[in-house]
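Reproduced below: entry_0.cif, with mmCIF, C-alpha atoms and all ligand atoms.
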```
data_start
#
loop_
_atom_site.label_atom_id
_atom_site.label_comp_id
_atom_site.auth_asym_id
_atom_site.auth_seq_id
_atom_site.Cartn_x
_atom_site.Cartn_y
_atom_site.Cartn_z
CA MET A 8 0.00 0.00 0.00
CA ILE A 9 1.40 3.29 -0.93
CA GLU A 10 -0.23 6.47 0.17
CA PHE A 11 0.27 8.13 -3.09
CA ILE A 12 -2.62 10.34 -3.86
CA ASP A 13 -3.21 11.41 -7.35
CA GLU A 14 -5.49 14.41 -7.26
CA THR A 15 -6.68 17.16 -9.47
CA ARG A 16 -9.29 19.87 -9.63
CA ILE A 17 -11.54 20.31 -12.63
CA TRP A 18 -14.22 22.73 -13.71
CA ILE A 19 -17.32 21.23 -15.24
CA LYS A 20 -20.60 22.44 -16.62
CA ALA A 21 -23.65 20.63 -17.93
CA GLY A 22 -25.26 21.93 -21.11
CA ASP A 23 -27.88 24.68 -20.92
CA GLY A 24 -31.36 23.87 -22.11
CA GLY A 25 -32.36 25.34 -25.47
CA ASN A 26 -34.96 28.13 -25.47
CA GLY A 27 -38.53 27.53 -26.47
CA CYS A 28 -39.37 29.14 -29.78
CA VAL A 29 -42.00 31.77 -30.62
CA ALA A 30 -43.24 31.34 -34.17
CA PHE A 31 -46.52 31.48 -36.09
CA ARG A 32 -47.64 29.53 -39.00
CA ARG A 33 -47.41 31.62 -42.16
CA GLU A 34 -48.58 29.92 -45.25
CA LYS A 35 -50.44 30.89 -48.34
CA PHE A 36 -54.19 30.55 -47.91
CA ILE A 37 -53.93 30.37 -44.13
CA GLU A 38 -54.44 33.87 -42.94
CA LYS A 39 -53.97 33.66 -39.25
CA GLY A 40 -51.73 30.72 -38.63
CA GLY A 41 -51.58 29.43 -35.12
CA PRO A 42 -48.48 29.36 -32.88
CA TRP A 43 -46.04 26.68 -33.76
CA GLY A 44 -42.78 27.41 -31.97
CA GLY A 45 -41.21 24.18 -30.70
CA ASP A 46 -39.64 23.40 -27.35
CA GLY A 47 -35.92 23.71 -26.68
CA GLY A 48 -33.86 20.55 -26.29
CA ASP A 49 -32.42 19.53 -22.92
CA GLY A 50 -28.73 20.21 -22.27
CA GLY A 51 -26.31 17.29 -22.06
CA SER A 52 -25.26 16.03 -18.63
CA LEU A 53 -21.77 15.65 -17.32
CA ILE A 54 -20.99 12.13 -16.18
CA ILE A 55 -17.96 10.60 -14.52
CA GLU A 56 -17.42 6.89 -15.01
CA ALA A 57 -14.83 4.48 -13.65
CA VAL A 58 -13.22 2.28 -16.27
CA LYS A 59 -10.54 -0.34 -15.91
CA ASN A 60 -8.16 0.80 -18.62
CA VAL A 61 -7.57 4.22 -17.07
CA LYS A 62 -4.97 4.07 -14.32
CA THR A 63 -4.24 7.64 -13.26
CA LEU A 64 -5.81 11.07 -13.32
CA LYS A 65 -3.10 12.51 -15.51
CA ASP A 66 -5.52 13.29 -18.33
CA PHE A 67 -7.02 15.92 -16.06
CA TYR A 68 -3.81 17.70 -15.12
CA TYR A 69 -3.67 20.07 -18.06
CA HIS A 70 -7.06 20.04 -19.66
CA ARG A 71 -9.32 21.00 -16.78
CA HIS A 72 -12.51 22.48 -18.17
CA PHE A 73 -15.21 20.16 -19.43
CA HIS A 74 -18.58 21.15 -20.80
CA ALA A 75 -21.44 19.01 -21.98
CA GLU A 76 -23.23 20.27 -25.06
CA ASN A 77 -26.09 22.80 -24.84
CA GLY A 78 -29.56 21.83 -26.04
CA LYS A 79 -30.59 23.43 -29.32
CA HIS A 80 -33.32 26.07 -29.37
CA GLY A 81 -36.77 25.12 -30.52
CA GLU A 82 -37.73 26.03 -34.08
CA GLY A 83 -40.75 26.94 -36.14
CA ASN A 84 -42.88 24.22 -37.58
CA ASN A 85 -43.18 23.00 -33.99
CA ARG A 86 -39.79 21.43 -34.18
CA LYS A 87 -38.16 20.56 -30.88
CA GLY A 88 -34.50 21.51 -30.53
CA ALA A 89 -32.07 18.61 -30.39
CA GLY A 90 -30.80 17.55 -26.97
CA GLY A 91 -27.15 18.32 -26.15
CA GLU A 92 -24.76 15.38 -25.97
CA ASP A 93 -23.66 14.13 -22.60
CA LYS A 94 -20.01 14.42 -21.77
CA VAL A 95 -18.43 11.42 -20.05
CA LEU A 96 -15.12 11.70 -18.22
CA TYR A 97 -13.34 8.39 -17.64
CA VAL A 98 -11.45 7.87 -14.41
CA PRO A 99 -9.78 4.87 -12.77
CA PRO A 100 -11.78 2.70 -10.35
CA GLY A 101 -11.05 3.99 -6.84
CA THR A 102 -11.59 7.63 -7.72
CA VAL A 103 -13.39 9.72 -5.14
CA VAL A 104 -15.36 12.58 -6.66
CA LYS A 105 -15.82 15.67 -4.50
CA GLU A 106 -17.46 18.98 -5.16
CA THR A 107 -15.88 22.12 -3.78
CA ARG A 108 -18.54 24.49 -2.45
CA ASP A 109 -17.67 27.54 -0.39
CA GLY A 110 -14.17 26.21 0.05
CA ARG A 111 -15.37 22.86 1.39
CA ASP A 112 -15.03 19.52 -0.33
CA ILE A 113 -18.17 17.42 -0.25
CA ILE A 114 -18.00 13.80 -1.37
CA LEU A 115 -20.33 13.12 -4.28
CA ALA A 116 -19.29 9.57 -5.01
CA ASP A 117 -16.70 6.93 -4.43
CA LEU A 118 -16.38 5.15 -7.76
CA GLU A 119 -14.85 2.00 -6.38
CA LYS A 120 -15.61 -0.42 -9.12
CA GLU A 121 -15.37 -0.61 -12.85
CA GLY A 122 -18.55 0.60 -14.52
CA GLN A 123 -19.77 2.76 -11.62
CA LYS A 124 -20.78 6.23 -12.69
CA ILE A 125 -22.35 9.40 -11.41
CA ILE A 126 -24.07 12.33 -13.06
CA VAL A 127 -22.17 15.22 -11.52
CA ALA A 128 -24.14 17.90 -13.35
CA ARG A 129 -27.53 17.38 -14.93
CA GLY A 130 -28.27 19.11 -18.22
CA GLY A 131 -30.61 22.11 -18.14
CA LYS A 132 -34.23 21.50 -19.13
CA GLY A 133 -35.29 22.78 -22.53
CA GLY A 134 -37.72 25.73 -22.59
CA ILE A 135 -41.29 25.53 -23.84
CA GLY A 136 -42.22 26.92 -27.25
CA ASN A 137 -45.30 29.06 -27.83
CA ALA A 138 -47.17 26.21 -29.53
CA ARG A 139 -47.73 24.66 -26.13
CA PHE A 140 -49.08 27.90 -24.64
CA ALA A 141 -52.08 28.02 -26.97
CA THR A 142 -55.45 27.71 -25.23
CA SER A 143 -59.01 28.10 -26.42
CA THR A 144 -58.97 31.71 -25.27
CA ASN A 145 -55.47 32.59 -26.34
CA ARG A 146 -54.93 31.26 -29.81
CA ALA A 147 -51.86 33.32 -30.57
CA PRO A 148 -49.68 33.31 -27.47
CA ARG A 149 -46.31 34.95 -27.58
CA ASP A 150 -45.27 33.13 -24.43
CA PHE A 151 -42.32 30.84 -24.23
CA THR A 152 -39.84 29.84 -21.53
CA PRO A 153 -36.09 30.05 -21.90
CA GLY A 154 -33.97 26.97 -21.46
CA GLU A 155 -32.64 26.29 -17.99
CA LYS A 156 -29.12 27.62 -17.50
CA THR A 157 -26.61 25.48 -15.66
CA GLU A 158 -23.77 26.62 -13.48
CA GLU A 159 -20.14 25.72 -13.53
CA LYS A 160 -19.03 23.48 -10.68
CA ILE A 161 -15.61 22.82 -9.25
CA LEU A 162 -14.81 19.19 -8.62
CA LYS A 163 -11.89 17.53 -6.97
CA LEU A 164 -10.91 14.06 -8.13
CA GLU A 165 -8.85 11.96 -5.78
CA LEU A 166 -7.36 8.57 -6.34
CA LYS A 167 -5.40 6.52 -3.91
CA ILE A 168 -3.08 4.52 -6.07
CA ILE A 169 -2.25 1.07 -4.85
CA ALA A 170 0.73 -0.61 -6.36
CA GLU A 171 0.12 -4.11 -7.64
CA VAL A 172 3.81 -4.92 -7.87
CA GLY A 173 6.58 -3.92 -5.47
CA ILE A 174 10.34 -4.05 -6.05
CA VAL A 175 12.46 -5.02 -3.08
CA GLY A 176 16.18 -5.58 -2.76
CA PHE A 177 19.46 -4.27 -1.41
CA PRO A 178 20.48 -0.67 -2.03
CA ASN A 179 22.15 -0.21 -5.41
CA ALA A 180 20.51 -3.32 -6.89
CA GLY A 181 19.00 -1.12 -9.60
CA LYS A 182 15.40 -0.91 -8.37
CA SER A 183 14.97 2.71 -9.37
CA THR A 184 16.71 2.14 -12.67
CA LEU A 185 14.25 -0.64 -13.46
CA LEU A 186 11.21 1.45 -12.52
CA SER A 187 12.33 4.40 -14.60
CA LYS A 188 13.12 2.15 -17.55
CA VAL A 189 9.62 0.69 -17.68
CA SER A 190 7.44 3.57 -16.45
CA ASN A 191 6.95 7.29 -16.38
CA ALA A 192 8.32 7.51 -12.82
CA ARG A 193 11.62 9.34 -12.34
CA PRO A 194 13.14 8.29 -9.04
CA LYS A 195 16.68 9.41 -8.41
CA ILE A 196 19.32 6.93 -9.56
CA ALA A 197 22.91 6.91 -8.35
CA ASP A 198 25.76 4.56 -7.66
CA TYR A 199 25.58 4.86 -3.91
CA PRO A 200 23.30 3.10 -1.46
CA PHE A 201 20.13 4.71 -0.15
CA THR A 202 19.66 6.94 -3.13
CA THR A 203 15.93 6.46 -2.96
CA LEU A 204 14.56 7.87 0.27
CA ILE A 205 10.86 7.66 -0.38
CA PRO A 206 8.73 5.19 -2.31
CA TYR A 207 7.98 5.89 -5.94
CA LEU A 208 5.18 4.65 -8.11
CA GLY A 209 5.05 4.23 -11.82
CA VAL A 210 2.48 3.04 -14.29
CA VAL A 211 4.02 0.31 -16.43
CA ASN A 212 2.51 0.14 -19.90
CA ILE A 213 3.23 -3.15 -21.60
CA ASP A 214 1.03 -2.16 -24.50
CA GLN A 215 -2.26 -0.33 -25.14
CA GLU A 216 -4.37 -2.75 -23.13
CA ARG A 217 -2.01 -3.97 -20.47
CA PHE A 218 -0.82 -1.78 -17.60
CA PHE A 219 -0.01 -2.17 -13.95
CA VAL A 220 1.31 0.02 -11.17
CA MET A 221 4.71 -0.73 -9.72
CA ALA A 222 6.40 0.64 -6.60
CA ASP A 223 10.09 1.20 -5.94
CA ILE A 224 10.94 1.43 -2.26
CA PRO A 225 14.19 2.35 -0.51
CA GLY A 226 16.74 -0.45 -0.28
CA LEU A 227 16.75 -2.93 2.58
CA ILE A 228 19.83 -4.22 4.37
CA GLU A 229 20.67 -6.86 6.87
CA ASN A 230 19.26 -5.98 10.27
CA ALA A 231 16.82 -3.56 8.73
CA SER A 232 14.16 -5.05 10.95
CA ASN A 233 16.21 -3.84 13.94
CA GLY A 234 16.45 -0.37 12.52
CA ALA A 235 19.58 -0.60 10.35
CA GLY A 236 19.80 1.52 7.21
CA LEU A 237 16.66 3.40 6.43
CA GLY A 238 14.83 0.94 8.59
CA ILE A 239 12.08 -1.23 7.39
CA LYS A 240 9.14 1.12 7.69
CA PHE A 241 8.87 1.40 3.94
CA LEU A 242 7.92 -2.24 3.70
CA ARG A 243 4.41 -1.29 4.70
CA HIS A 244 4.14 0.20 1.24
CA VAL A 245 4.45 -3.21 -0.34
CA GLU A 246 2.24 -5.04 2.14
CA ARG A 247 -0.75 -4.84 -0.15
CA THR A 248 0.94 -5.45 -3.47
CA LYS A 249 0.03 -8.68 -5.19
CA ILE A 250 3.53 -9.54 -6.31
CA LEU A 251 7.06 -8.73 -5.26
CA ILE A 252 9.96 -8.43 -7.61
CA HIS A 253 13.03 -9.34 -5.62
CA LEU A 254 15.87 -7.63 -7.44
CA ILE A 255 19.41 -8.85 -6.99
CA ASP A 256 22.61 -7.39 -8.39
CA VAL A 257 24.26 -10.43 -9.97
CA SER A 258 27.50 -8.59 -10.68
CA LEU A 259 28.32 -9.16 -7.00
CA PRO A 260 29.08 -12.52 -5.35
CA ASP A 261 27.02 -14.30 -2.70
CA VAL A 262 23.77 -14.01 -4.58
CA ALA A 263 21.95 -16.68 -2.54
CA LYS A 264 23.17 -15.28 0.74
CA ARG A 265 21.92 -11.82 -0.11
CA TYR A 266 18.60 -13.22 -1.28
CA HIS A 267 18.01 -15.05 1.99
CA SER A 268 19.08 -12.13 4.07
CA ILE A 269 16.48 -9.83 2.51
CA ARG A 270 13.85 -12.55 2.89
CA LYS A 271 14.70 -12.80 6.58
CA GLU A 272 14.26 -9.08 7.11
CA MET A 273 10.93 -9.18 5.32
CA GLU A 274 9.80 -12.10 7.44
CA ASN A 275 10.78 -10.30 10.63
CA TYR A 276 8.71 -7.36 9.55
CA ASN A 277 5.64 -9.26 8.47
CA LYS A 278 5.24 -12.87 7.46
CA ILE A 279 2.73 -11.87 4.81
CA LEU A 280 5.57 -10.53 2.73
CA ILE A 281 7.33 -13.81 2.27
CA GLU A 282 4.10 -15.60 1.51
CA LYS A 283 3.44 -13.27 -1.40
CA GLU A 284 4.09 -14.32 -4.93
CA GLU A 285 7.66 -13.48 -5.76
CA ILE A 286 9.65 -13.16 -8.91
CA LEU A 287 13.36 -13.38 -8.53
CA VAL A 288 15.25 -11.08 -10.86
CA GLY A 289 18.99 -10.89 -11.41
CA ASN A 290 20.03 -7.44 -12.63
CA LYS A 291 23.12 -5.97 -14.32
CA ILE A 292 23.72 -8.92 -16.68
CA ASP A 293 25.41 -6.46 -19.07
CA LEU A 294 28.42 -6.47 -16.73
CA PRO A 295 30.98 -9.22 -17.48
CA GLU A 296 31.36 -10.15 -13.81
CA SER A 297 27.67 -11.13 -13.73
CA LYS A 298 28.25 -14.30 -15.79
CA LYS A 299 29.69 -16.34 -13.00
CA ASN A 300 26.88 -15.51 -10.54
CA MET A 301 23.91 -16.30 -12.77
CA GLU A 302 24.00 -20.02 -11.96
CA GLU A 303 23.85 -19.29 -8.28
CA LEU A 304 20.67 -17.29 -8.83
CA LYS A 305 19.03 -20.11 -10.75
CA ASN A 306 20.03 -22.58 -8.06
CA ILE A 307 17.93 -20.79 -5.50
CA GLY A 308 15.17 -22.76 -7.15
CA LYS A 309 12.61 -20.03 -7.69
CA GLU A 310 11.11 -18.68 -10.87
CA CYS A 311 13.77 -16.25 -12.01
CA TYR A 312 14.61 -13.81 -14.76
CA LEU A 313 17.84 -12.16 -15.81
CA ILE A 314 17.80 -8.58 -16.95
CA SER A 315 19.80 -5.46 -17.50
CA ALA A 316 17.75 -2.51 -16.29
CA ILE A 317 20.14 -0.28 -18.22
CA THR A 318 20.20 -1.94 -21.63
CA GLY A 319 16.67 -3.30 -21.36
CA GLU A 320 17.71 -6.88 -22.03
CA GLY A 321 15.23 -9.41 -20.61
CA ILE A 322 12.77 -6.76 -19.47
CA LYS A 323 10.06 -7.66 -21.94
CA GLU A 324 10.01 -11.27 -20.73
CA LEU A 325 9.93 -10.08 -17.13
CA LEU A 326 6.97 -7.75 -17.69
CA ASN A 327 5.04 -10.46 -19.49
CA ALA A 328 5.67 -12.83 -16.59
CA VAL A 329 4.49 -10.19 -14.12
CA TRP A 330 1.38 -9.65 -16.18
CA THR A 331 0.61 -13.35 -16.33
CA LYS A 332 0.98 -13.69 -12.56
CA LEU A 333 -1.21 -10.64 -11.91
CA ASN A 334 -3.97 -11.96 -14.07
CA ASN A 335 -3.77 -15.66 -13.26
CA PRO A 336 -3.20 -15.79 -9.53
CA VAL A 337 -2.44 -19.29 -8.29
N1 LIG B 401 25.77 -1.91 -15.46
C1 LIG B 401 24.56 -1.75 -14.94
N2 LIG B 401 24.35 -0.85 -13.96
C2 LIG B 401 23.11 -0.72 -13.44
C3 LIG B 401 22.03 -1.49 -13.91
N3 LIG B 401 20.93 -1.13 -13.22
C4 LIG B 401 21.33 -0.16 -12.34
N4 LIG B 401 22.63 0.11 -12.48
C5 LIG B 401 23.43 1.08 -11.74
O1 LIG B 401 23.41 0.73 -10.37
C6 LIG B 401 23.41 1.91 -9.56
C7 LIG B 401 22.27 1.88 -8.58
O2 LIG B 401 21.05 1.99 -9.29
P1 LIG B 401 19.69 2.48 -8.59
O3 LIG B 401 18.64 2.25 -9.57
O4 LIG B 401 19.87 3.83 -8.00
O5 LIG B 401 19.62 1.41 -7.42
P2 LIG B 401 18.51 1.25 -6.27
O6 LIG B 401 18.31 -0.20 -6.08
O7 LIG B 401 17.33 2.06 -6.58
O8 LIG B 401 19.29 1.85 -5.01
P3 LIG B 401 18.70 2.51 -3.65
O9 LIG B 401 17.73 3.54 -4.04
O10 LIG B 401 19.89 3.06 -3.00
O11 LIG B 401 18.10 1.39 -2.88
C8 LIG B 401 23.37 3.09 -10.52
O12 LIG B 401 24.67 3.56 -10.72
C9 LIG B 401 22.81 2.47 -11.79
O13 LIG B 401 23.25 3.15 -12.95
C10 LIG B 401 22.28 -2.44 -14.98
O14 LIG B 401 21.40 -3.14 -15.47
N5 LIG B 401 23.55 -2.52 -15.43
MG MG B 402 16.55 3.58 -5.65
#
```

So that I can check it, write out the structure of this file as C-alpha cells.
Ligand SMILES: Nc1nc2c(ncn2[C@@H]2O[C@H](COP(=O)(O)OP(=O)(O)OP(=O)(O)O)[C@@H](O)[C@H]2O)c(=O)[nH]1
Ligand SMILES: [Mg+2]
Amino acid sequence: MIEFIDETRIWIKAGDGGNGCVAFRREKFIEKGGPWGGDGGDGGSLIIEAVKNVKTLKDFYYHRHFHAENGKHGEGNNRKGAGGEDKVLYVPPGTVVKETRDGRDIILADLEKEGQKIIVARGGKGGIGNARFATSTNRAPRDFTPGEKTEEKILKLELKIIAEVGIVGFPNAGKSTLLSKVSNARPKIADYPFTTLIPYLGVVNIDQERFFVMADIPGLIENASNGAGLGIKFLRHVERTKILIHLIDVSLPDVAKRYHSIRKEMENYNKILIEKEEILVGNKIDLPESKKNMEELKNIGKECYLISAITGEGIKELLNAVWTKLNNPV
C-alpha cells in the first residue's frame, strides 16, 4: 500500500437547455396561422465513469474544463431543438469525486468499481415553445420559456493509487533504474546506497491494453528489521501489493546469501511478505562479472529472470511474466 494520492481539480458544466421558440404559422391561404414554436432541447449532462483501462488522473492535469453540449433552441414548424450530448469523463476505479462548495469539499461519489458512474451535473431542461401555450382563449400566445441555464461546478478528483507490484532488494541493486526504464516515474538513480529515500510509483505500460502500477521502495539491508539503514518502515508500502519483484545485483558474489538475508528481514517485519508471490530477478547482466553468478541465482530454485535494467535486455520477458501472474493468480 502506498499512500500516493493522485489528485486534481476540474471545472465542469452541464449543457444549458435550449430556449422555447416563438413562431406562427405563415402559409399561403392560411391567414392567421396558429403558434407553432417548438420546445428547446435539454442540455447534455456531465458524467464521470470508472473504467478499468484508465490508471491515473493525468488526463485531467492540463485540460481541466469540461462542458457538456447545450440543447438546441426550438424552431418553427413546432420542431423541438435537439438535446445536447452528454459528456463522459473516464477515471480509474477507486476515484473519489468531490465537489468544492464555499471552500469545502463534499464527497459526491466513491467510484470504487469498474462501470460505476455518477451524473455530476444534470443538463438544463429545454424551454417551452409558444405552440404549447395556446389555449381556447389565447390562440396566438407569444409566451415561451427560456432553457434552464446550468452553473459551472468545481470538482476535486482523488485517487489513492495502490501498487500491484513492489520491487524489493538491497540498495544499489537497480530498483529505481528498473522502474524508470519501464514507467513514467523518475526516481533518483545513483551509484551509492540509499539513493531512494521515499517510495515511488510508476504506471508500467506493456502495450495499449495492459498496464499495472509498480512501486520502488528504498533499499533494505541486513538488520533492517532492527532499525539498520533506512529501517524497514517502507515495507508497509508493499504489504498490499500482489507480487514482489526481488531484485538482486548479480554482478556481486554471494547471490543466494543476499537473497536469503532480505527474505529474513521481510519475514521479521511481516510474514505476509514472504508468503506473497515473488519473482526473482537478477540485474546488471550487461556487466561481465555477472556471468559467474547467474547459476547461483538459478540454483535458488525459484522462478527467475535475468535482466539489465540499463540496456533493457530481458525486461520484456519479465513484464510479461508479471502480467501473467497478476492476471492468473495461483
Ligand atoms: N551496469 C549496470 N548498472 C546498473 C544497472 N541497473 C542499475 N545500475 C546502476 O546501479 C546503480 C544503482 O542503481 P539504482 O537504480 O539507484 O539502485 P537502487 O536499487 O534504486 O538503489 P537505492 O535507491 O539506493 O536502494 C546506478 O549507478 C545504476 O546506474 C544495470 O542493469 N547494469
Ligand atoms: Mg533507488

Residues of chain A that approach ligand LIG 401 (chain B) to 10 Å or less, counting all atoms listed in the file: could you list each one with the shortest pair of atoms and its distance in Å to one decimal, rows by chain and increasing residue number, as a tab-separated table?
```
residue	atom	partner	partner_atom	distance
A:Ile174	CA	B:LIG401	O6	8.9
A:Val175	CA	B:LIG401	O6	8.2
A:Gly176	CA	B:LIG401	O6	6.7
A:Phe177	CA	B:LIG401	O11	6.0
A:Pro178	CA	B:LIG401	O11	3.3
A:Asn179	CA	B:LIG401	O8	3.5
A:Ala180	CA	B:LIG401	O6	3.9
A:Gly181	CA	B:LIG401	O3	3.4
A:Lys182	CA	B:LIG401	O6	3.8
A:Ser183	CA	B:LIG401	O3	3.7
A:Thr184	CA	B:LIG401	O3	3.7
A:Leu185	CA	B:LIG401	O3	6.5
A:Leu186	CA	B:LIG401	O3	8.0
A:Ser187	CA	B:LIG401	O3	8.4
A:Lys188	CA	B:LIG401	N3	9.5
A:Pro194	CA	B:LIG401	O7	7.9
A:Lys195	CA	B:LIG401	O4	6.4
A:Ile196	CA	B:LIG401	O4	3.5
A:Ala197	CA	B:LIG401	O4	4.3
A:Asp198	CA	B:LIG401	O12	3.4
A:Tyr199	CA	B:LIG401	O10	6.0
A:Pro200	CA	B:LIG401	O10	3.7
A:Phe201	CA	B:LIG401	O10	3.3
A:Thr202	CA	B:LIG401	O10	3.9
A:Thr203	CA	B:LIG401	O9	3.6
A:Leu204	CA	B:LIG401	O9	6.9
A:Ile205	CA	B:LIG401	O9	8.8
A:Pro206	CA	B:LIG401	O9	9.3
A:Asp223	CA	B:LIG401	O7	7.3
A:Ile224	CA	B:LIG401	O11	7.2
A:Pro225	CA	B:LIG401	O11	4.7
A:Gly226	CA	B:LIG401	O11	3.5
A:Leu227	CA	B:LIG401	O11	7.1
A:Ile228	CA	B:LIG401	O11	9.3
A:Leu237	CA	B:LIG401	O11	9.6
A:Leu254	CA	B:LIG401	O6	7.9
A:Ile255	CA	B:LIG401	O6	8.8
A:Asp256	CA	B:LIG401	N3	8.1
A:Val257	CA	B:LIG401	O14	9.6
A:Ser258	CA	B:LIG401	N1	8.4
A:Gly289	CA	B:LIG401	O14	9.1
A:Asn290	CA	B:LIG401	O14	5.3
A:Lys291	CA	B:LIG401	O14	3.5
A:Ile292	CA	B:LIG401	O14	6.3
A:Asp293	CA	B:LIG401	N5	5.7
A:Leu294	CA	B:LIG401	N1	5.4
A:Pro295	CA	B:LIG401	N1	9.2
A:Ser297	CA	B:LIG401	N1	9.6
A:Leu313	CA	B:LIG401	O14	9.7
A:Ile314	CA	B:LIG401	O14	6.7
A:Ser315	CA	B:LIG401	O14	3.5
A:Ala316	CA	B:LIG401	O14	3.8
A:Ile317	CA	B:LIG401	O14	4.2
A:Thr318	CA	B:LIG401	O14	6.4
A:Gly319	CA	B:LIG401	O14	7.6
A:Glu320	CA	B:LIG401	O14	8.4
```

Inset, instruction - Compile the contact shell of Arg139 in chain A as a PyMOL selection string: residues with an atom at most 12 Å away, counting all atoms listed in the file, same-chain residues fewer than 4 positions apart removed. - result: chain A and resi 27-30+41-47+81+85-87+134-135+143+145-152

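Nearest residue to Gly130 in chain A among A:Lys79, A:Lys156, A:Lys271, A:Lys264 is A:Lys156, counting all atoms listed in the file.
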
Inset, instruction - Determine the nearest neighbour of Glu34 in chain A from the options A:Tyr312, A:Asn84, A:Tyr266, A:Ile126, counting all atoms listed in the file. - result: A:Asn84

Inset, instruction - Determine, counting all atoms listed in the file, which protein, DNA and RNA residues have an atom within 9 Å of an atom of Asn77 in chain A; residues of the same chain fewer than 5 positions away are not included. Present the result as a list in words. - result: Ala21, Gly22, Asp23, Gly24, Gly25, Gly48, Asp49, Gly50, Gly51, Gly90, Gly91, Glu92, Gly130 and Gly131 of chain A

Draw an axis-aligned box tight on the listed atoms of range 69-72 of chain A, then pad every side by 4 Å and write out centre and edge lengths in Å to one decimal as AutoDock Vina command-line options.
```
--center_x -8.1 --center_y 21.3 --center_z -18.2 --size_x 16.8 --size_y 10.4 --size_z 10.9
```

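Among A:Asn230, A:Ile19, A:Lys240, A:Thr102, the residue with the shortest atom-to-atom distance to Ile168 in chain A, counting all atoms listed in the file, is A:Thr102.
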
Inset, instruction - Skip Glu282 in chain A itself and residues of its chain fewer than 6 positions away, then list as a PyMOL selection string all residues within 12 Å of it, counting all atoms listed in the file. - result: chain A and resi 246-251+270+273-274

Inset, instruction - Figure out the distance between CA of Glu285 in chain A and CA of Lys298 in chain A, please, to one decimal in Å. - result: 22.9 Å

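The gap separating CA of Tyr69 in chain A from CA of Gln123 in chain A is 24.5 Å, in Å to one decimal.
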
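Nearest to Lys332 in chain A of all the residues A:Glu171, A:Glu76, A:Val189, A:Glu303 is A:Glu171, counting all atoms listed in the file.
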
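The residue set within 8 Å of Trp18 in chain A, counting all atoms listed in the file and dropping same-chain residues fewer than 4 places from it, reads Arg71, His72, Phe73, Glu159, Lys160, Ile161 and Leu162 of chain A.
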
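Near (-16.8, -0.8, -8.4), the residues that fall inside 10 Å on the basis of all atoms listed in the file are Ala57, Val58, Lys59, Pro100, Gly101, Thr102, Asp117, Leu118, Glu119, Lys120, Glu121, Gly122, Gln123 and Lys124 of chain A.
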
C-alpha atoms of the current selection, written as a PDB file, keeping the file's coordinate frame:
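That gives us result.pdb:
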```pdb
ATOM      1  CA  ALA A  57     -14.830   4.480 -13.650  1.00  0.00           C
ATOM      2  CA  VAL A  58     -13.220   2.280 -16.270  1.00  0.00           C
ATOM      3  CA  LYS A  59     -10.540  -0.340 -15.910  1.00  0.00           C
ATOM      4  CA  PRO A 100     -11.780   2.700 -10.350  1.00  0.00           C
ATOM      5  CA  GLY A 101     -11.050   3.990  -6.840  1.00  0.00           C
ATOM      6  CA  THR A 102     -11.590   7.630  -7.720  1.00  0.00           C
ATOM      7  CA  ASP A 117     -16.700   6.930  -4.430  1.00  0.00           C
ATOM      8  CA  LEU A 118     -16.380   5.150  -7.760  1.00  0.00           C
ATOM      9  CA  GLU A 119     -14.850   2.000  -6.380  1.00  0.00           C
ATOM     10  CA  LYS A 120     -15.610  -0.420  -9.120  1.00  0.00           C
ATOM     11  CA  GLU A 121     -15.370  -0.610 -12.850  1.00  0.00           C
ATOM     12  CA  GLY A 122     -18.550   0.600 -14.520  1.00  0.00           C
ATOM     13  CA  GLN A 123     -19.770   2.760 -11.620  1.00  0.00           C
ATOM     14  CA  LYS A 124     -20.780   6.230 -12.690  1.00  0.00           C
TER      15      LYS A 124
END
```

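For the residues A:Ala222, A:Glu14, A:Lys305, A:Leu325, ranking by smallest atom-to-atom distance to ligand MG 402 (chain B) using all atoms listed in the file places A:Ala222 first.
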
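For the pair CA of Val211 in chain A and CA of Glu284 in chain A, the separation is 18.6 Å.
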
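Near Asn275 in chain A, within 12 Å and counting all atoms listed in the file, sit Glu229, Asn230, Ala231, Ser232, Asn233, Gly234, Ile239, Lys240, Leu242, Ser268, Ile269, Arg270, Lys271, Glu272, Met273, Asn277, Lys278, Ile279, Leu280 and Ile281 of chain A; same-chain residues fewer than 2 positions away were not included.
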
Keeping only C-alpha atoms, write the selected residues as a short mmCIF file (atom, residue, chain, number, x, y, z; two decimals), in the frame of the given file.
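Below is the file again26.cif, written as the result:
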```
data_model
loop_
_atom_site.label_atom_id
_atom_site.label_comp_id
_atom_site.auth_asym_id
_atom_site.auth_seq_id
_atom_site.Cartn_x
_atom_site.Cartn_y
_atom_site.Cartn_z
CA GLU A 229 20.67 -6.86 6.87
CA ASN A 230 19.26 -5.98 10.27
CA ALA A 231 16.82 -3.56 8.73
CA SER A 232 14.16 -5.05 10.95
CA ASN A 233 16.21 -3.84 13.94
CA GLY A 234 16.45 -0.37 12.52
CA ILE A 239 12.08 -1.23 7.39
CA LYS A 240 9.14 1.12 7.69
CA LEU A 242 7.92 -2.24 3.70
CA SER A 268 19.08 -12.13 4.07
CA ILE A 269 16.48 -9.83 2.51
CA ARG A 270 13.85 -12.55 2.89
CA LYS A 271 14.70 -12.80 6.58
CA GLU A 272 14.26 -9.08 7.11
CA MET A 273 10.93 -9.18 5.32
CA ASN A 277 5.64 -9.26 8.47
CA LYS A 278 5.24 -12.87 7.46
CA ILE A 279 2.73 -11.87 4.81
CA LEU A 280 5.57 -10.53 2.73
CA ILE A 281 7.33 -13.81 2.27
#
```

Legend entry - Nearest to Glu324 in chain A, chosen from A:Val95, A:Ile113, A:Cys311, A:Val172, with only C-alpha atoms counted in the distances: A:Cys311
